[in-house]
file target.tsv (TSV, C-alpha atoms)
chain	number	residue	atom	x	y	z
A	24	MET	CA	29.93	46.24	-67.52
A	25	TRP	CA	30.31	45.07	-63.94
A	26	ASP	CA	33.88	45.14	-62.56
A	27	ASN	CA	32.99	43.69	-59.12
A	28	PHE	CA	32.60	47.18	-57.65
A	29	THR	CA	30.79	49.45	-60.11
A	30	CYS	CA	28.32	48.92	-62.94
A	31	TRP	CA	29.43	50.90	-66.00
A	32	PRO	CA	26.52	51.78	-68.29
A	33	ALA	CA	26.55	51.26	-72.05
A	34	THR	CA	28.35	54.19	-73.68
A	35	PRO	CA	29.00	55.28	-77.28
A	36	ARG	CA	32.57	55.09	-78.54
A	37	GLY	CA	34.75	58.09	-77.80
A	38	GLN	CA	32.96	59.19	-74.64
A	39	VAL	CA	34.21	59.20	-71.05
A	40	VAL	CA	32.09	58.01	-68.14
A	41	THR	CA	32.74	59.42	-64.68
A	42	LEU	CA	31.20	57.83	-61.59
A	43	PRO	CA	31.60	58.36	-57.83
A	44	CYS	CA	33.68	55.91	-55.84
A	45	PRO	CA	31.65	52.80	-54.93
A	46	LEU	CA	30.21	52.15	-51.49
A	47	ILE	CA	32.19	49.38	-49.81
A	48	TYR	CA	30.59	47.31	-47.07
A	49	ASN	CA	30.76	48.86	-43.60
A	50	PHE	CA	32.39	52.03	-44.89
A	51	SER	CA	30.97	55.41	-45.81
A	52	PRO	CA	31.44	56.51	-49.42
A	53	VAL	CA	34.53	58.62	-49.95
A	54	GLN	CA	33.40	62.17	-50.64
A	55	GLY	CA	34.79	64.11	-53.58
A	56	HIS	CA	36.52	61.19	-55.32
A	57	ASN	CA	35.50	59.90	-58.73
A	58	VAL	CA	36.61	57.18	-61.12
A	59	SER	CA	36.33	57.22	-64.89
A	60	ARG	CA	36.72	55.04	-67.96
A	61	SER	CA	36.79	55.81	-71.67
A	62	CYS	CA	34.99	53.83	-74.35
A	63	THR	CA	37.24	53.04	-77.32
A	64	ASP	CA	37.10	50.74	-80.32
A	65	GLU	CA	38.86	48.06	-78.22
A	66	GLY	CA	36.39	48.47	-75.34
A	67	TRP	CA	36.72	50.06	-71.90
A	68	THR	CA	40.05	51.56	-70.90
A	69	ASP	CA	41.69	51.00	-67.53
A	70	LEU	CA	40.34	52.82	-64.51
A	71	GLU	CA	41.45	56.45	-64.18
A	72	PRO	CA	43.21	58.06	-62.35
A	73	GLY	CA	44.21	54.57	-61.19
A	74	PRO	CA	42.90	51.44	-59.42
A	75	TYR	CA	40.11	51.91	-56.90
A	76	PRO	CA	42.42	52.09	-53.84
A	77	VAL	CA	44.42	54.88	-55.49
A	78	ALA	CA	41.53	56.73	-57.11
A	79	CYS	CA	39.34	56.63	-54.00
A	80	GLY	CA	42.09	57.41	-51.49
A	81	LEU	CA	42.00	54.14	-49.56
A	82	ASP	CA	44.79	53.48	-47.09
A	83	ASP	CA	46.61	50.18	-46.65
A	84	LYS	CA	44.07	48.90	-44.11
A	85	GLU	CA	41.15	49.59	-46.41
A	86	LEU	CA	43.09	48.10	-49.31
A	87	GLY	CA	43.35	44.84	-47.37
A	88	PHE	CA	39.63	44.97	-46.72
A	89	ASP	CA	39.05	45.51	-50.43
A	90	GLU	CA	40.96	42.30	-51.17
A	91	GLN	CA	38.94	40.47	-48.52
A	92	GLN	CA	35.72	41.57	-50.18
A	93	THR	CA	36.95	40.25	-53.51
A	94	MET	CA	37.75	36.90	-51.93
A	95	PHE	CA	34.34	36.93	-50.24
A	96	TYR	CA	32.57	37.35	-53.60
A	97	ILE	CA	34.65	34.57	-55.13
A	98	SER	CA	33.86	32.27	-52.20
A	99	VAL	CA	30.13	32.99	-52.45
A	100	LYS	CA	30.14	32.23	-56.18
A	101	THR	CA	32.07	29.01	-55.60
A	102	GLY	CA	29.68	27.99	-52.81
A	103	TYR	CA	26.47	28.45	-54.74
A	104	THR	CA	27.99	26.85	-57.84
A	105	ILE	CA	28.68	23.70	-55.80
A	106	GLY	CA	25.22	23.84	-54.24
A	107	TYR	CA	23.34	24.24	-57.51
A	108	SER	CA	25.44	21.52	-59.17
A	109	LEU	CA	24.66	19.05	-56.39
A	110	SER	CA	20.98	20.03	-56.41
A	111	LEU	CA	20.77	19.73	-60.19
A	112	ALA	CA	22.24	16.23	-60.26
A	113	THR	CA	20.07	15.01	-57.36
A	114	LEU	CA	16.86	16.53	-58.74
A	115	LEU	CA	17.40	15.02	-62.19
A	116	VAL	CA	17.68	11.55	-60.64
A	117	ALA	CA	14.63	12.15	-58.42
A	118	THR	CA	12.55	13.39	-61.35
A	119	ALA	CA	13.54	10.36	-63.42
A	120	ILE	CA	12.50	8.00	-60.61
A	121	LEU	CA	9.08	9.59	-60.15
A	122	SER	CA	8.53	9.69	-63.92
A	123	LEU	CA	9.65	6.17	-64.87
A	124	PHE	CA	7.84	4.15	-62.20
A	125	ARG	CA	4.13	4.16	-63.04
A	126	LYS	CA	3.20	3.00	-59.57
A	127	LEU	CA	4.39	6.36	-58.23
A	128	HIS	CA	2.16	8.39	-60.56
A	129	CYS	CA	-0.40	10.41	-58.59
A	130	THR	CA	-1.35	14.03	-58.02
A	131	ARG	CA	0.94	14.41	-55.03
A	132	ASN	CA	4.00	13.19	-56.93
A	133	TYR	CA	3.03	15.18	-60.02
A	134	ILE	CA	3.22	18.32	-57.89
A	135	HIS	CA	6.55	17.16	-56.49
A	136	MET	CA	7.88	16.68	-60.03
A	137	HIS	CA	6.85	20.21	-61.00
A	138	LEU	CA	8.62	21.51	-57.88
A	139	PHE	CA	11.71	19.51	-58.86
A	140	MET	CA	11.55	20.97	-62.36
A	141	SER	CA	11.36	24.52	-60.97
A	142	PHE	CA	14.53	23.86	-58.95
A	143	ILE	CA	16.21	22.37	-62.02
A	144	LEU	CA	15.32	25.39	-64.15
A	145	ARG	CA	16.50	27.74	-61.42
A	146	ALA	CA	19.89	26.04	-61.21
A	147	ALA	CA	20.25	25.94	-64.99
A	148	SER	CA	19.32	29.62	-65.30
A	149	VAL	CA	21.96	30.55	-62.71
A	150	PHE	CA	24.64	28.73	-64.71
A	151	ILE	CA	23.50	30.35	-67.96
A	152	LYS	CA	23.42	33.82	-66.41
A	153	ASP	CA	26.86	33.44	-64.85
A	154	ALA	CA	28.33	32.09	-68.09
A	155	ILE	CA	27.14	35.21	-69.93
A	156	LEU	CA	27.72	37.90	-67.30
A	157	PHE	CA	31.16	36.61	-66.26
A	158	ASN	CA	32.38	35.98	-69.78
A	159	ASP	CA	35.89	37.46	-69.95
A	160	ARG	CA	35.63	38.08	-73.69
A	161	ASP	CA	32.73	40.51	-73.16
A	162	LEU	CA	34.07	42.08	-69.98
A	163	ASP	CA	35.66	45.07	-71.73
A	164	SER	CA	32.82	45.71	-74.14
A	165	CYS	CA	31.18	49.12	-73.71
A	166	SER	CA	28.45	48.72	-76.31
A	167	GLU	CA	24.79	47.98	-75.64
A	168	ALA	CA	24.15	44.65	-73.97
A	169	SER	CA	23.17	41.91	-76.36
A	170	VAL	CA	19.69	40.48	-76.63
A	171	GLY	CA	21.05	37.13	-75.41
A	172	CYS	CA	22.38	38.73	-72.23
A	173	LYS	CA	19.01	40.32	-71.45
A	174	ALA	CA	17.19	37.09	-72.32
A	175	ALA	CA	19.38	35.18	-69.85
A	176	VAL	CA	18.47	37.64	-67.09
A	177	VAL	CA	14.76	37.42	-67.98
A	178	LEU	CA	14.95	33.61	-67.88
A	179	PHE	CA	16.68	33.77	-64.51
A	180	GLN	CA	14.03	36.08	-63.04
A	181	TYR	CA	11.23	33.83	-64.33
A	182	CYS	CA	12.80	30.65	-62.95
A	183	VAL	CA	13.36	32.20	-59.52
A	184	MET	CA	9.77	33.39	-59.30
A	185	ALA	CA	8.39	30.07	-60.59
A	186	ASN	CA	10.40	28.25	-57.93
A	187	PHE	CA	8.87	30.38	-55.16
A	188	PHE	CA	5.37	29.82	-56.53
A	189	TRP	CA	5.80	26.05	-56.71
A	190	LEU	CA	6.91	26.13	-53.10
A	191	LEU	CA	3.63	27.94	-52.47
A	192	VAL	CA	1.74	25.24	-54.39
A	193	GLU	CA	3.22	22.57	-52.12
A	194	GLY	CA	1.94	24.47	-49.12
A	195	LEU	CA	-1.49	24.96	-50.70
A	196	TYR	CA	-1.81	21.27	-51.55
A	197	LEU	CA	-0.88	20.05	-48.08
A	198	HIS	CA	-3.25	22.58	-46.52
A	199	THR	CA	-6.04	21.41	-48.85
A	200	LEU	CA	-5.51	17.79	-47.84
A	201	LEU	CA	-5.85	18.71	-44.19
A	202	ALA	CA	-8.58	21.34	-44.27
A	203	VAL	CA	-10.93	20.44	-47.15
A	204	SER	CA	-13.24	17.42	-46.83
A	205	PHE	CA	-13.92	16.83	-50.53
A	206	PHE	CA	-12.25	18.33	-53.58
A	207	SER	CA	-11.53	17.42	-57.19
A	208	GLU	CA	-7.90	16.37	-57.58
A	209	ARG	CA	-7.86	17.05	-61.33
A	210	LYS	CA	-9.54	20.45	-61.06
A	211	TYR	CA	-7.22	21.61	-58.31
A	212	PHE	CA	-4.18	20.25	-60.14
A	213	TRP	CA	-4.77	22.45	-63.18
A	214	GLY	CA	-5.21	25.38	-60.82
A	215	TYR	CA	-1.83	24.56	-59.30
A	216	ILE	CA	-0.29	24.48	-62.79
A	217	LEU	CA	-1.68	27.95	-63.45
A	218	ILE	CA	-0.28	29.27	-60.16
A	219	GLY	CA	3.13	27.63	-60.51
A	220	TRP	CA	3.92	28.46	-64.14
A	221	GLY	CA	1.29	30.96	-65.29
A	222	VAL	CA	1.48	33.65	-62.61
A	223	PRO	CA	5.30	34.02	-62.82
A	224	SER	CA	5.16	34.24	-66.61
A	225	THR	CA	2.63	37.08	-66.36
A	226	PHE	CA	4.70	39.19	-63.97
A	227	THR	CA	7.94	38.46	-65.83
A	228	THR	CA	6.36	39.50	-69.13
A	229	VAL	CA	5.11	42.76	-67.61
A	230	TRP	CA	8.55	43.45	-66.13
A	231	THR	CA	10.27	42.75	-69.47
A	232	ILE	CA	7.96	45.08	-71.38
A	233	THR	CA	8.40	47.89	-68.88
A	234	LYS	CA	12.20	47.46	-68.89
A	235	ILE	CA	12.24	47.70	-72.69
A	236	HIS	CA	10.27	50.95	-72.70
A	237	LEU	CA	11.50	52.64	-69.51
A	238	GLU	CA	14.91	51.30	-68.43
A	239	ASP	CA	16.52	49.60	-71.41
A	240	TYR	CA	20.16	49.97	-70.44
A	241	GLY	CA	22.82	47.47	-69.47
A	242	CYS	CA	22.01	43.80	-69.18
A	243	TRP	CA	19.16	44.34	-66.68
A	244	GLU	CA	21.12	42.45	-64.04
A	245	THR	CA	21.59	45.26	-61.53
A	246	ILE	CA	19.13	45.85	-58.71
A	247	ASP	CA	18.56	49.52	-58.02
A	248	SER	CA	15.91	51.56	-56.24
A	249	SER	CA	13.65	51.60	-59.29
A	250	LEU	CA	10.00	50.81	-58.72
A	251	LEU	CA	10.17	48.38	-61.63
A	252	TRP	CA	11.86	45.81	-59.40
A	253	TRP	CA	8.69	45.64	-57.32
A	254	ILE	CA	6.97	44.01	-60.30
A	255	LEU	CA	9.14	40.97	-59.51
A	256	LYS	CA	9.74	41.47	-55.81
A	257	ALA	CA	6.12	41.99	-54.71
A	258	PRO	CA	4.81	38.61	-56.00
A	259	ILE	CA	7.75	36.76	-54.44
A	260	LEU	CA	7.25	38.47	-51.07
A	261	THR	CA	3.54	37.69	-51.30
A	262	SER	CA	4.22	33.99	-51.91
A	263	ILE	CA	6.63	33.90	-48.95
A	264	LEU	CA	4.07	35.54	-46.68
A	265	MET	CA	1.28	33.20	-47.85
A	266	ASN	CA	3.46	30.15	-47.22
A	267	PHE	CA	4.21	31.36	-43.73
A	268	ILE	CA	0.49	31.79	-43.06
A	269	LEU	CA	-0.18	28.29	-44.44
A	270	PHE	CA	2.58	26.92	-42.20
A	271	VAL	CA	0.91	28.42	-39.11
A	272	ARG	CA	-2.53	27.16	-40.16
A	273	ILE	CA	-1.26	23.63	-40.85
A	274	ILE	CA	0.46	23.43	-37.48
A	275	ARG	CA	-2.73	24.69	-35.84
A	276	ILE	CA	-4.82	22.03	-37.61
A	277	LEU	CA	-2.39	19.30	-36.60
A	278	VAL	CA	-2.39	20.38	-32.96
A	279	GLN	CA	-6.20	20.28	-32.93
A	280	LYS	CA	-6.23	16.81	-34.46
A	281	LEU	CA	-3.67	15.48	-32.04
A	282	ARG	CA	-5.93	16.14	-29.06
A	283	PRO	CA	-9.57	15.64	-30.12
A	284	PRO	CA	-11.85	14.41	-27.30
A	285	ASP	CA	-13.43	11.59	-29.33
A	286	VAL	CA	-10.33	9.94	-30.73
A	287	GLY	CA	-8.67	7.05	-28.98
A	288	LYS	CA	-5.00	6.61	-28.28
A	289	SER	CA	-4.51	4.19	-31.17
A	290	ASP	CA	-5.66	6.80	-33.70
A	291	SER	CA	-3.17	9.50	-32.74
A	292	ARG	CA	-0.09	7.81	-34.17
A	293	PRO	CA	-0.70	8.83	-37.83
A	294	TYR	CA	-1.21	12.43	-36.78
A	295	SER	CA	1.92	12.40	-34.66
A	296	ARG	CA	4.02	11.05	-37.51
A	297	LEU	CA	2.49	13.57	-39.90
A	298	THR	CA	3.42	16.35	-37.48
A	299	LYS	CA	7.05	15.28	-37.66
A	300	SER	CA	6.87	15.14	-41.45
A	301	THR	CA	5.24	18.56	-41.67
A	302	LEU	CA	7.89	20.16	-39.48
A	303	LEU	CA	10.51	18.78	-41.86
A	304	LEU	CA	8.71	19.75	-45.06
A	305	ILE	CA	7.05	23.10	-44.45
A	306	PRO	CA	10.29	25.07	-43.81
A	307	LEU	CA	11.37	23.91	-47.25
A	308	PHE	CA	8.35	25.63	-48.78
A	309	GLY	CA	10.19	28.94	-48.51
A	310	VAL	CA	9.14	29.83	-44.97
A	311	HIS	CA	12.79	30.25	-43.98
A	312	TYR	CA	13.05	33.13	-46.46
A	313	THR	CA	10.99	35.24	-44.07
A	314	MET	CA	14.19	35.76	-42.05
A	315	PHE	CA	15.41	38.40	-44.54
A	316	ALA	CA	12.54	38.88	-47.00
A	317	PHE	CA	11.05	41.98	-45.35
A	318	PHE	CA	14.29	43.71	-44.36
A	319	PRO	CA	16.01	46.36	-46.52
A	320	ASP	CA	18.41	45.05	-49.16
A	321	ASP	CA	21.44	46.50	-47.35
A	322	PHE	CA	20.54	44.95	-43.96
A	323	GLN	CA	23.29	42.49	-42.97
A	324	ALA	CA	24.28	42.23	-46.63
A	325	GLU	CA	27.02	39.64	-46.18
A	326	VAL	CA	24.90	37.34	-44.02
A	327	LYS	CA	21.92	37.71	-46.35
A	328	MET	CA	24.09	36.94	-49.37
A	329	VAL	CA	25.47	33.75	-47.81
A	330	PHE	CA	22.05	32.64	-46.59
A	331	GLU	CA	20.13	33.25	-49.81
A	332	LEU	CA	22.81	32.36	-52.38
A	333	VAL	CA	24.95	29.66	-50.76
A	334	VAL	CA	22.54	28.01	-48.31
A	335	GLY	CA	19.61	28.47	-50.70
A	336	SER	CA	21.49	26.71	-53.50
A	337	PHE	CA	21.35	23.45	-51.50
A	338	GLN	CA	17.58	23.68	-51.03
A	339	GLY	CA	16.86	21.62	-54.15
A	340	PHE	CA	19.16	18.87	-52.88
A	341	VAL	CA	17.35	18.73	-49.51
A	342	VAL	CA	13.93	18.74	-51.21
A	343	ALA	CA	14.92	15.84	-53.47
A	344	ILE	CA	16.17	13.83	-50.49
A	345	LEU	CA	12.98	14.38	-48.45
A	346	TYR	CA	10.42	14.11	-51.25
A	347	CYS	CA	11.99	11.20	-53.14
A	348	PHE	CA	14.89	9.26	-51.69
A	349	LEU	CA	13.54	9.10	-48.11
A	350	ASN	CA	9.96	8.49	-49.23
A	351	GLY	CA	8.72	5.06	-48.17
A	352	GLU	CA	6.75	4.47	-51.38
A	353	VAL	CA	9.78	5.25	-53.53
A	354	GLN	CA	12.05	3.00	-51.48
A	355	ALA	CA	9.53	0.13	-51.60
A	356	GLU	CA	9.12	0.47	-55.37
A	357	LEU	CA	12.88	0.55	-55.93
A	358	ARG	CA	13.32	-2.59	-53.80
A	359	ARG	CA	10.53	-4.33	-55.71
A	360	LYS	CA	12.07	-3.45	-59.05
A	361	TRP	CA	15.49	-4.54	-57.86
A	362	ARG	CA	14.20	-7.94	-56.75
A	363	ARG	CA	12.37	-8.31	-60.05
A	364	TRP	CA	15.50	-7.53	-62.08
A	365	ASN	CA	17.50	-9.98	-59.97
A	366	LEU	CA	14.96	-12.72	-60.66
A	367	LYS	CA	15.16	-12.01	-64.38
A	368	GLY	CA	18.94	-12.19	-64.32
A	369	ILE	CA	19.14	-15.35	-62.21
A	370	LEU	CA	16.30	-17.39	-63.65
A	371	GLY	CA	16.19	-15.99	-67.14
A	372	ARG	CA	12.40	-16.35	-67.03
A	373	GLY	CA	11.36	-12.77	-66.36
A	374	PRO	CA	7.84	-12.87	-67.89
A	375	LYS	CA	6.67	-15.57	-65.49
A	376	TYR	CA	7.73	-13.54	-62.49
A	377	GLN	CA	6.41	-10.19	-63.52
A	378	HIS	CA	4.09	-8.47	-61.09
A	379	PRO	CA	0.48	-8.41	-62.34
A	380	SER	CA	-0.11	-5.02	-63.96
A	381	GLY	CA	-3.89	-4.90	-64.01
A	382	GLY	CA	-5.41	-4.42	-60.59
A	383	SER	CA	-2.38	-3.62	-58.46
A	384	LEU	CA	-0.82	-0.91	-60.62
A	385	GLY	CA	-0.82	2.35	-58.70
A	386	ALA	CA	-2.48	0.78	-55.66
A	387	THR	CA	-0.46	2.72	-53.14
A	388	CYS	CA	-0.67	6.03	-54.94
A	389	SER	CA	-3.13	6.42	-57.81
A	390	THR	CA	-5.87	4.36	-56.19
A	391	GLN	CA	-5.25	6.13	-52.93
A	392	VAL	CA	-5.74	9.52	-54.56
A	393	SER	CA	-8.86	8.47	-56.46
A	394	MET	CA	-10.44	7.21	-53.23
A	395	LEU	CA	-10.19	10.70	-51.76
A	396	THR	CA	-13.20	11.79	-53.80
A	397	ARG	CA	-15.43	8.91	-52.66
A	398	VAL	CA	-14.72	7.98	-49.05
A	399	SER	CA	-15.61	9.70	-45.82
A	400	PRO	CA	-13.67	12.79	-44.66
A	401	SER	CA	-11.87	10.90	-41.90
A	402	ALA	CA	-10.80	8.08	-44.20
A	403	ARG	CA	-9.73	10.57	-46.82
A	404	ARG	CA	-7.55	12.53	-44.47
A	405	SER	CA	-6.01	9.29	-43.23
A	406	SER	CA	-5.05	8.34	-46.79
A	407	GLY	CA	-3.56	11.81	-47.34
A	408	PHE	CA	-1.53	11.49	-44.15
A	409	GLN	CA	-0.25	8.11	-45.32
A	410	ALA	CA	1.30	9.78	-48.35
A	411	GLU	CA	3.56	12.09	-46.41
A	412	ASP	CA	4.20	10.16	-43.25
A	413	SER	CA	6.51	7.71	-45.00
A	414	LEU	CA	9.24	10.37	-44.79
A	415	VAL	CA	10.06	9.68	-41.16
call {"tool": "encode", "arguments": {"input": "target.tsv", "output": "structure tokens"}}
result
Amino acid sequence: MWDNFTCWPATPRGQVVTLPCPLIYNFSPVQGHNVSRSCTDEGWTDLEPGPYPVACGLDDKELGFDEQQTMFYISVKTGYTIGYSLSLATLLVATAILSLFRKLHCTRNYIHMHLFMSFILRAASVFIKDAILFNDRDLDSCSEASVGCKAAVVLFQYCVMANFFWLLVEGLYLHTLLAVSFFSERKYFWGYILIGWGVPSTFTTVWTITKIHLEDYGCWETIDSSLLWWILKAPILTSILMNFILFVRIIRILVQKLRPPDVGKSDSRPYSRLTKSTLLLIPLFGVHYTMFAFFPDDFQAEVKMVFELVVGSFQGFVVAILYCFLNGEVQAELRRKWRRWNLKGILGRGPKYQHPSGGSLGATCSTQVSMLTRVSPSARRSSGFQAEDSLV
């Protein structure tokens, strides 16, 4: 049980658990003071010898700080709940748009849809985890955590890791468009699927098995100094580092292409616009997580918590805006559909005014992608740039 200050381990009925006073931010732990609870048929008893301020010998000033910390936790939870709710709603609409309009179907948008889905699953897993862990009916229970509670935590860990790896896939795909002359879209796409969904499932499965056999206590939601957490943490840190390296390489490639000696002034505009698009998109691939990723967990804990939980919860919303709603292809297709629906409503003769579906279907996206395997390297890169430069 987590009471906002201490995690109380599962305990048989009739036993008493005694733990040292918790470490409160910016304060040293109070030496020689302990708190205890008893496990009864009705659940955990009240804290003994009294509330934390009394049991741990806090004065009035520290008691006020204790209340401030409680309000801080509540504010953080409220902030990321709002952020994930907004992201979830926006991503669902964006995914529906990219799925329903056939003219937008291409490898680039397929990857975007998988990224959207990873954000959706991450937001949903956060809500599921909070609903189980903060359930008041189970708050006083001192028995072993249920299988459903552990499954919710496992789902949450998988969705978080999958989200980081799909951010990595976005970086890999953009780097491939810029650096590789010829490549098979279909072959690479299945490789991206394996990276985005397969690799996280492997590490999460290994972590789950090791938790069952080595540390099967509580609901698995607490982060301690155990080496088992590195089964999850190491792949995520690796993906963040790789995305940062890809970011540097992409910027380097763009700088080289902006000033080649044999390219005229009229040819530099697509590269310039792509540079602006890349600067907007690449930080969303998880590069901003490098600010705190390689620092200890207790380094600037409050700032890190706000940055990763609250600010990070709005990341899906920003990604949906940039990848879908501000995309020129999406806006053009929505305007075309809107005009077509208006003609149907006004004239009542929709079939005569339907856009031909044979040769033009997917011209701006699917045909563009298929041409990448047949045209020259320069023409291919130009078509790849056209896909992203509609964002600005």
call {"tool": "axis_aligned_box", "arguments": {"input": "target.tsv", "around": "segment 270-277 of chain A", "padding_each_side": "8 Å", "output": "lines of an AutoDock Vina configuration file"}}
result
center_x = -1.1
center_y = 23.9
center_z = -39.0
size_x = 23.4
size_y = 25.1
size_z = 22.4
call {"tool": "closest_residue", "arguments": {"input": "target.tsv", "among": "A:Ala174, A:Leu123, A:Leu190, A:Ala202", "to": "Ile263 of chain A", "atoms": "only C-alpha atoms"}}
result
A:Leu190
call {"tool": "closest_residue", "arguments": {"input": "target.tsv", "among": "A:Ile369, A:Leu191, A:Leu260, A:Ile97", "to": "Tyr312 of chain A", "atoms": "all atoms listed in the file"}}
result
A:Leu260
call {"tool": "closest_residue", "arguments": {"input": "target.tsv", "among": "A:Leu237, A:Leu366, A:Val203, A:Val342", "to": "Met140 of chain A", "atoms": "all atoms listed in the file"}}
result
A:Val342
call {"tool": "closest_residue", "arguments": {"input": "target.tsv", "among": "A:Arg60, A:Arg272, A:Arg131, A:His137", "to": "Ile216 of chain A", "atoms": "all atoms listed in the file"}}
result
A:His137
call {"tool": "atom_distance", "arguments": {"input": "target.tsv", "atom1": "atom CA of Ser59 of chain A", "atom2": "atom CA of Gln38 of chain A"}}
result
10.5 Å
call {"tool": "residues_around", "arguments": {"input": "target.tsv", "residues": "Arg145 of chain A", "least_positions_apart": "2", "cutoff": "7 Å", "atoms": "all atoms listed in the file", "output": "list in words"}}
result
Ser141, Phe142, Ile143, Ala147, Ser148, Val149, Phe179, Cys182 and Val183 of chain A
call {"tool": "atom_distance", "arguments": {"input": "target.tsv", "atom1": "atom CA of Asp69 of chain A", "atom2": "atom CA of Gln91 of chain A"}}
result
21.9 Å
call {"tool": "atom_distance", "arguments": {"input": "target.tsv", "atom1": "atom CA of Glu352 of chain A", "atom2": "atom CA of Asn132 of chain A"}}
result
10.7 Å
call {"tool": "residues_around", "arguments": {"input": "target.tsv", "residues": "segment 224-232 of chain A", "least_positions_apart": "3", "cutoff": "12 Å", "atoms": "all atoms listed in the file", "output": "VMD selection string"}}
result
chain A and resid 173 to 186 188 216 to 221 235 to 239 242 to 243 249 to 259
call {"tool": "closest_residue", "arguments": {"input": "target.tsv", "among": "A:Cys44, A:Ile273, A:Leu114, A:Met136", "to": "Pro74 of chain A", "atoms": "all atoms listed in the file"}}
result
A:Cys44
call {"tool": "closest_residue", "arguments": {"input": "target.tsv", "among": "A:Met265, A:Leu277, A:Cys172, A:Ile344", "to": "Leu200 of chain A", "atoms": "only C-alpha atoms"}}
result
A:Leu277
call {"tool": "decode", "arguments": {"input": "target.tsv", "residues": "segment 235-247 of chain A", "atoms": "N, CA and C atoms", "output": "PDB file, in the first residue's frame"}}
result
ATOM      1  N   ILE A 235       8.494 -11.963 -11.141  1.00  0.00           N
ATOM      2  CA  ILE A 235       7.732 -13.065 -10.555  1.00  0.00           C
ATOM      3  C   ILE A 235       8.635 -13.969  -9.714  1.00  0.00           C
ATOM      4  N   HIS A 236       9.837 -14.213 -10.186  1.00  0.00           N
ATOM      5  CA  HIS A 236      10.714 -15.170  -9.519  1.00  0.00           C
ATOM      6  C   HIS A 236      11.623 -14.538  -8.467  1.00  0.00           C
ATOM      7  N   LEU A 237      11.912 -13.239  -8.581  1.00  0.00           N
ATOM      8  CA  LEU A 237      12.890 -12.631  -7.684  1.00  0.00           C
ATOM      9  C   LEU A 237      12.312 -11.551  -6.767  1.00  0.00           C
ATOM     10  N   GLU A 238      11.358 -10.771  -7.234  1.00  0.00           N
ATOM     11  CA  GLU A 238      10.833  -9.660  -6.428  1.00  0.00           C
ATOM     12  C   GLU A 238       9.318  -9.584  -6.543  1.00  0.00           C
ATOM     13  N   ASP A 239       8.652 -10.650  -6.235  1.00  0.00           N
ATOM     14  CA  ASP A 239       7.191 -10.693  -6.361  1.00  0.00           C
ATOM     15  C   ASP A 239       6.538 -10.210  -5.077  1.00  0.00           C
ATOM     16  N   TYR A 240       6.614  -8.900  -4.830  1.00  0.00           N
ATOM     17  CA  TYR A 240       5.931  -8.317  -3.684  1.00  0.00           C
ATOM     18  C   TYR A 240       5.344  -6.975  -4.094  1.00  0.00           C
ATOM     19  N   GLY A 241       4.249  -6.617  -3.435  1.00  0.00           N
ATOM     20  CA  GLY A 241       3.559  -5.386  -3.781  1.00  0.00           C
ATOM     21  C   GLY A 241       2.922  -5.471  -5.154  1.00  0.00           C
ATOM     22  N   CYS A 242       2.679  -4.301  -5.717  1.00  0.00           N
ATOM     23  CA  CYS A 242       2.048  -4.213  -7.036  1.00  0.00           C
ATOM     24  C   CYS A 242       3.061  -3.910  -8.131  1.00  0.00           C
ATOM     25  N   TRP A 243       4.343  -3.973  -7.817  1.00  0.00           N
ATOM     26  CA  TRP A 243       5.439  -3.748  -8.761  1.00  0.00           C
ATOM     27  C   TRP A 243       5.508  -2.303  -9.235  1.00  0.00           C
ATOM     28  N   GLU A 244       4.839  -1.395  -8.510  1.00  0.00           N
ATOM     29  CA  GLU A 244       4.795  -0.023  -9.003  1.00  0.00           C
ATOM     30  C   GLU A 244       5.912   0.844  -8.458  1.00  0.00           C
ATOM     31  N   THR A 245       6.602   0.387  -7.418  1.00  0.00           N
ATOM     32  CA  THR A 245       7.642   1.214  -6.813  1.00  0.00           C
ATOM     33  C   THR A 245       8.970   1.033  -7.544  1.00  0.00           C
ATOM     34  N   ILE A 246       9.711   2.128  -7.635  1.00  0.00           N
ATOM     35  CA  ILE A 246      11.032   2.107  -8.266  1.00  0.00           C
ATOM     36  C   ILE A 246      12.078   2.162  -7.163  1.00  0.00           C
ATOM     37  N   ASP A 247      12.841   1.111  -7.035  1.00  0.00           N
ATOM     38  CA  ASP A 247      13.891   1.075  -6.023  1.00  0.00           C
ATOM     39  C   ASP A 247      15.249   0.942  -6.708  1.00  0.00           C
TER      40      ASP A 247
END
